[in-house]
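Heads up: the structure comes next, in structure tokens.
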Amino acid sequence: MTTRHSNYTSWGRILHAPHHASRPASTETAASSVTAPTEATMLGHGLGRSYGDVALNPGGRLIDCRSLDRFIAFDRATGVLTCEAGVTLADILAVICKPDPDGSGWMLPVTPGSRFVTVAGAIANDVHGKNHHLHGTFGRHVREFDLVRSDGARLVCSPTENAELFHATIGGLGLTGLILRATIQLRRVPGLAVEAEDIRFDTLGDFFRLAGESDATWEYTAAWIDCLAGGKSLGRGIFSRARPAPGIAAAPPPRAPRLSFPIKPPMPLTNTHTVRAFNALYWRKLGIATTHTRSVGPYEKVFYPLDAIGHWNRAYGPAGFYQFQNVVPLAHAEAAMREMLQVITASGQGSMLSVLKMFGDPLSPGLMSFPMPGATLALDFPNRGQPTLGLLSRLEAITVAAGGRLYPAKDGVMTAATFRQGYPEIDRFARSIDPRFASSFARRVDLRAASGI
Amino acid sequence: MQAPSPARKTIAIFGATSDIAVAVARLYAEAKWSIVLIGRNEAALAGTRADLLVRGAPEVVVQTADFVNLPALGQVADTACDALGGLDVAFLAYGTLPDQAACEADAALAEAALVINFTSPVLLLGELARRFTSQAAAGRIGTLAAISSVAGDRGRMSNHIYGAAKGGLQRYLQGLRHRLHATGIAVIDIRPGFVSTKMTAHVKQGGPLWATPDQVAKDITNAIAVRGGVLYTPWFWRGVMLIIRAVPSFVFHRTKL
Ligand SMILES: Cc1cc2nc3c(=O)[nH]c(=O)nc-3n(C[C@H](O)[C@H](O)[C@H](O)COP(=O)(O)OP(=O)(O)OC[C@H]3O[C@@H](n4cnc5c(N)ncnc54)[C@H](O)[C@@H]3O)c2cc1C
Ligand SMILES: NC(=O)c1ccc[n+]([C@@H]2O[C@H](COP(=O)([O-])OP(=O)(O)OC[C@H]3O[C@@H](n4cnc5c(N)ncnc54)[C@H](OP(=O)(O)O)[C@@H]3O)[C@@H](O)[C@H]2O)c1
């Protein structure tokens, strides 16, 4: 096993740290690097699209899985796909999700807001997409995977085989071992193009009404919130909904971003003026007089607006940014969202992109999966030091008080107590942690392998 | 009336576990070519075969060979040519990057580097040329392509064993192109610059001079499609090497390149 001293950075660019990294070229070398006799702890790493510290293990080892990029089998009749851990969702779209002559095709059952993530990364964070209310998390569509543990065991995990490890690894933040390959069930859609609508709404109450109306018949829903609008306009925004357009074909989006952001931003994008201007422009996106638009076409703009520009995270400059995402159970959702938006407007630290969505009932298979029925709000804040941390901890407190939890894939600050409160299966999960796996996140929230295994 | 089905296109890749070769193979798979993969690591070849089938290749055949086994090269060429009933393209990607200092200290290492990077591809291309010539006589005009390197363009203190082998290969390809010109068979000399692969994993990388296998693979498939003679990839290496070749010795000898 050759390891190399390399720097890895969180997607929010707040944590940069040297690692002893290896990049195995095959699942066999990956498996042997897990059992290599070294003292250092280790962690799997995908495309590094997690905003905070779940994918980093500073000072320890990182097993970079990007070269585990082979497809293994695909059954056109059933939509069952087996591939290596580092295959990206962009690859699956490009290779598999091509339209048949009648426009229909196989589609990712669930996709996050970026297609530049690996299959193992999607499992380890049990990611969700705009269709959570109907199809649940990514993990629900995982049939089985191969997991290698530091004691040398290579285990097939499924709901019936090594079931405890199956449920611990989905949403298990990379701590239960290294995923080598996975089998997932794709979803048949009647058209790969989507029918999409944008609807402007004026109050937070309108959001909940629109979501209630749409969630049964629209597969994909989410709303952008103008988080600088206060007073009467608090919680105004644009509700986006989409669903497959039967009989209409769409080609897959490109495998790499169309443009790349320069290493140094040409202008400071992090000041409040920019955030203000962006939110004001977005609010008028539909035009001054229009309140409802409809279109039919490729899904790239609907699912992956941020993927158009590579390294867009550099726009926040060298200080980086924090992402924040919580979920609050239904009973307290509207009140908690209102309180959070009030706190944000009062702070004057607007978030560029604030996204509000309802999660639905489909149960997540992971012990530590983030989604639960309720409302989820995602925000990003340029890192301005103490004021930003102060705001984040207010938002964290509101979430905890409302019985909600934060999303580790996007978190950089939550306390061990918040984590424990939000994830009731934590002690059961800890029994499945591989004692030689660790991450910066796990250390921060005091998540350790339970002794006795 | 039944439309004539377009003949299936076929390529054989010698050294198919090379990172550059895998990236090239994927592009051919997506273009629905059938592929013969030749190399010595059977498990890795089987993994690539499965991957290429999912990516769209109608048929993929795996063939094992060690290219330093020179007497077997004729058989290797014959088996590859027959595996799919004839070839449109033969592509040689194997090679090693030897440690220059070690080669200076140990002639056996230098010899091994010369065999795998020069003697073997030259002999294999000779065998393939014979098969391709008879195919051409029957109307199937193919393409022979091999990876040399920008390192073959000028001898340098830091890697002139490798550079000599690659430079010799360039000269052979040039002569073969001349010889096969009348048959229509294209002979392509691919000269990559720095590419991030297994071969260069020990070198410090990054910066504008380094390319990915995917970038280089696109250039290679384009060059094969247009039957171009000498390909520098990425493109800027043509200019870089023009300058490096033109620098007078009294200047060049003061560098440590
Ligand atoms: C623009 C953008 C939009 C996003 N939108 C969403 C969204 O809508 N919904 C959502 O849920 N998330 C979203 N995310 C977050 C992203 O989907 C997750 O962070 C995802 O897990 C990243 O995958 P990755 O391949 O980059 O993995 P990394 O970030 O590199 O790693 C993620 C986790 O996977 C583990 N891991 C990696 N490889 C392995 C392996 N082989 N075996 C075991 N564990 C492994 C790591 O240890 C780590 O814990 C978004 C991110 C971006 C940048
Ligand atoms: N990377 C660069 O910067 C660069 C630059 C210029 C030119 N090149 C040339 O590009 C070509 C491809 O190299 P790469 O960069 O893709 O590196 P690579 O991944 O290391 O590929 C080299 C391949 O050659 C195979 N090989 C070596 N000796 C062999 C033997 N005796 N029998 C069978 N196979 C043998 C290796 O097979 P195993 O897997 O079995 O070891 C390996 O797959 C080489 O000719 C190289 O010289 C590379």
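Labels for the structure tokens follow display order: chains A, B, ..., residues from 1 in each chain, ligands from 1.
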
Would you give me, as a Markdown table, each residue of chain A having an atom within 9 Å of an atom of chain B, along with its shortest atom pair and that distance in Å to one decimal, using only C-alpha atoms and sorting by chain and residue number?
| residue | atom | partner | partner_atom | distance |
| --- | --- | --- | --- | --- |
| A:Thr2 | CA | B:His202 | CA | 8.8 |
| A:Arg4 | CA | B:His202 | CA | 8.4 |
| A:Ala25 | CA | B:Lys198 | CA | 8.3 |
| A:Ser26 | CA | B:Ala44 | CA | 7.7 |
| A:Asp69 | CA | B:Asp51 | CA | 8.8 |
| A:Arg70 | CA | B:Asp51 | CA | 5.3 |
| A:Phe71 | CA | B:Asp51 | CA | 4.4 |
| A:Ile72 | CA | B:Ala50 | CA | 5.3 |
| A:Ala73 | CA | B:Val54 | CA | 6.1 |
| A:Phe74 | CA | B:Val54 | CA | 6.1 |
| A:Asp75 | CA | B:Val54 | CA | 9.0 |
| A:Cys83 | CA | B:Asp51 | CA | 8.5 |
| A:Val95 | CA | B:Arg55 | CA | 5.8 |
| A:Ile96 | CA | B:Arg55 | CA | 7.7 |

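For segment 49-51 of chain A, the residues within 8 Å (counting only C-alpha atoms, excluding itself and residues fewer than 2 positions away along the chain) are A:Ser10, A:Trp11, A:Gly12, A:Arg13, A:Gly46, A:Leu47, A:Asp53, A:Val54, A:Ala55, A:Phe116, A:Val117, A:Tyr322, A:Gln323, A:Ala409, A:Lys410, A:Asp411, A:Gly412.
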
Inset, instruction - Check the DSSP output for the backbone and give back, as a count of residues only, the residues of segment 100-191 of chain B in strand (DSSP E). - result: 11

Residues near segment 362-375 of chain A, anyone? I mean within 10 Å using only C-alpha atoms, not counting same-chain ones fewer than 5 positions away, as a short mmCIF file (atom, residue, chain, number, x, y, z; two decimals) with C-alpha atoms, in the first residue's frame.
data_model
loop_
_atom_site.label_atom_id
_atom_site.label_comp_id
_atom_site.auth_asym_id
_atom_site.auth_seq_id
_atom_site.Cartn_x
_atom_site.Cartn_y
_atom_site.Cartn_z
CA ILE A 123 -24.93 5.42 1.04
CA ALA A 124 -22.74 6.67 3.89
CA ASN A 125 -24.79 9.86 4.23
CA ASP A 126 -28.02 8.14 3.16
CA VAL A 127 -28.68 11.13 0.92
CA HIS A 128 -32.09 12.45 -0.03
CA HIS A 132 -38.08 12.26 -0.49
CA HIS A 133 -41.80 12.61 0.23
CA LEU A 134 -42.50 9.77 -2.24
CA HIS A 135 -39.35 7.68 -2.51
CA GLY A 136 -37.44 8.25 0.70
CA THR A 137 -33.65 8.17 0.95
CA PHE A 138 -31.02 6.64 -1.36
CA GLY A 139 -30.53 3.80 1.11
CA ARG A 140 -34.08 2.54 0.52
CA HIS A 141 -33.04 1.55 -2.99
CA VAL A 142 -29.83 -0.21 -1.98
CA PRO A 159 -31.62 -6.63 4.78
CA GLU A 164 -27.29 -5.04 11.52
CA LEU A 165 -24.26 -3.84 9.54
CA PHE A 166 -26.50 -3.09 6.58
CA HIS A 167 -28.64 -0.75 8.67
CA ALA A 168 -25.63 0.74 10.45
CA THR A 169 -23.68 1.42 7.24
CA ILE A 170 -26.52 3.23 5.47
CA GLY A 171 -26.16 6.70 6.95
CA GLY A 172 -23.18 5.33 8.93
CA LEU A 173 -20.85 8.21 7.94
CA PHE A 208 -46.94 24.66 3.70
CA GLN A 325 -29.48 21.78 7.31
CA ASN A 326 -31.98 20.64 9.87
CA VAL A 327 -35.23 18.74 9.97
CA VAL A 328 -38.04 19.56 12.39
CA PRO A 329 -40.95 17.18 13.03
CA LEU A 330 -44.28 18.16 11.54
CA ALA A 331 -45.93 19.29 14.78
CA HIS A 332 -43.40 22.09 15.32
CA ALA A 333 -42.31 22.65 11.73
CA GLU A 334 -44.02 25.92 10.88
CA ALA A 336 -39.61 26.56 14.17
CA MET A 337 -39.08 27.64 10.56
CA LEU A 356 -37.13 24.52 2.33
CA LYS A 357 -38.73 21.15 1.70
CA GLY A 404 -35.36 18.14 15.31
CA ARG A 405 -31.86 17.23 14.21
CA LEU A 406 -29.00 18.42 12.00
CA TYR A 407 -27.55 16.74 8.89
CA PRO A 408 -23.95 15.56 9.44
CA ALA A 409 -23.14 15.81 5.69
CA GLY A 422 -31.19 14.00 17.44
CA TYR A 423 -30.12 10.43 16.80
CA PRO A 424 -31.71 8.08 19.32
CA GLU A 425 -30.09 4.94 17.83
CA ILE A 426 -26.60 6.28 18.51
CA ARG A 428 -26.87 0.77 19.01
CA PHE A 429 -25.01 2.26 16.01
#

Inset, instruction - Kindly compile the residues surrounding ligand 2 within 8 Å, counting only C-alpha atoms and all ligand atoms, and format them as number ranges by chain. - result: B: 14-22, 38-41, 44, 65-69, 92-97, 116-117, 146-151, 166, 191-200, 210, 213

Inset, instruction - Would you mind writing down, as number ranges by chain, each residue of segment 214-391 of chain A that DSSP on the backbone assigns to alpha helix (DSSP H)? - result: A: 214, 272-283, 300-303, 330-347, 386-391

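Using only C-alpha atoms, the residues found no farther than 6 Å from segment 193-202 of chain A, other than those of its own chain fewer than 5 positions away, are Arg236, Gly237, Ile238, Phe239, Ser240, Arg241, Ala242, Arg243, Pro244, Ala245, Ile248, Ala249, Ala250, Thr291, His292, Thr293, Arg294, Ser295, Val296, Gly297, Pro298 and Tyr299 of chain A.
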
With N, CA and C atoms retained, could you export that selection as a CSV table (one decimal), in the first residue's frame?
chain,number,residue,atom,x,y,z
A,236,ARG,N,-41.3,34.4,2.3
A,236,ARG,CA,-41.8,34.3,0.9
A,236,ARG,C,-40.7,33.6,0.1
A,237,GLY,N,-41.1,33.1,-1.1
A,237,GLY,CA,-40.1,32.4,-1.9
A,237,GLY,C,-40.7,31.9,-3.2
A,238,ILE,N,-40.0,30.9,-3.8
A,238,ILE,CA,-40.5,30.3,-5.0
A,238,ILE,C,-40.6,28.8,-4.8
A,239,PHE,N,-41.7,28.2,-5.1
A,239,PHE,CA,-42.0,26.8,-4.9
A,239,PHE,C,-41.7,26.1,-6.2
A,240,SER,N,-40.8,25.1,-6.2
A,240,SER,CA,-40.6,24.4,-7.5
A,240,SER,C,-41.1,23.0,-7.4
A,241,ARG,N,-41.8,22.6,-8.4
A,241,ARG,CA,-42.2,21.2,-8.4
A,241,ARG,C,-42.0,20.6,-9.8
A,242,ALA,N,-41.7,19.3,-9.9
A,242,ALA,CA,-41.5,18.7,-11.1
A,242,ALA,C,-41.9,17.2,-11.1
A,243,ARG,N,-42.1,16.6,-12.3
A,243,ARG,CA,-42.4,15.2,-12.4
A,243,ARG,C,-42.0,14.7,-13.8
A,244,PRO,N,-41.8,13.4,-13.9
A,244,PRO,CA,-41.4,12.9,-15.2
A,244,PRO,C,-42.4,13.3,-16.2
A,245,ALA,N,-42.0,13.7,-17.5
A,245,ALA,CA,-42.9,14.0,-18.5
A,245,ALA,C,-43.1,12.8,-19.4
A,248,ILE,N,-41.5,11.8,-23.1
A,248,ILE,CA,-40.5,12.8,-23.6
A,248,ILE,C,-39.1,12.5,-23.2
A,249,ALA,N,-38.2,12.4,-24.1
A,249,ALA,CA,-36.9,12.0,-23.9
A,249,ALA,C,-36.0,13.2,-23.4
A,250,ALA,N,-35.0,12.9,-22.7
A,250,ALA,CA,-34.0,13.9,-22.3
A,250,ALA,C,-32.6,13.2,-22.2
A,291,THR,N,-46.4,34.9,-11.7
A,291,THR,CA,-46.3,34.2,-10.4
A,291,THR,C,-46.2,32.7,-10.6
A,292,HIS,N,-46.3,32.3,-11.9
A,292,HIS,CA,-46.4,30.8,-12.1
A,292,HIS,C,-45.8,30.5,-13.5
A,293,THR,N,-44.8,29.7,-13.6
A,293,THR,CA,-44.3,29.3,-14.9
A,293,THR,C,-44.3,27.8,-15.0
A,294,ARG,N,-44.3,27.3,-16.2
A,294,ARG,CA,-44.3,25.9,-16.5
A,294,ARG,C,-43.4,25.6,-17.7
A,295,SER,N,-42.6,24.5,-17.6
A,295,SER,CA,-41.8,24.2,-18.7
A,295,SER,C,-41.6,22.6,-18.8
A,296,VAL,N,-41.2,22.2,-19.9
A,296,VAL,CA,-40.9,20.7,-20.1
A,296,VAL,C,-39.5,20.6,-20.7
A,297,GLY,N,-38.6,19.8,-20.1
A,297,GLY,CA,-37.3,19.7,-20.7
A,297,GLY,C,-36.4,18.9,-19.9
A,298,PRO,N,-35.1,18.9,-20.1
A,298,PRO,CA,-34.1,18.1,-19.4
A,298,PRO,C,-34.1,18.5,-17.9
A,299,TYR,N,-33.7,17.5,-17.1
A,299,TYR,CA,-33.8,17.7,-15.7
A,299,TYR,C,-32.6,18.4,-15.1

Legend entry - Å distance separating atom CA of Ala40 of chain A from atom 43 (C, counted along the ligand's line) of ligand 1, one decimal place: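 Atom-to-atom, atom CA of Ala40 of chain A and atom 43 (C, counted along the ligand's line) of ligand 1 are spaced 16.9 Å apart.
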
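One finds atom CA of Ala229 of chain A at 9.9 Å from atom CA of Trp283 of chain A.
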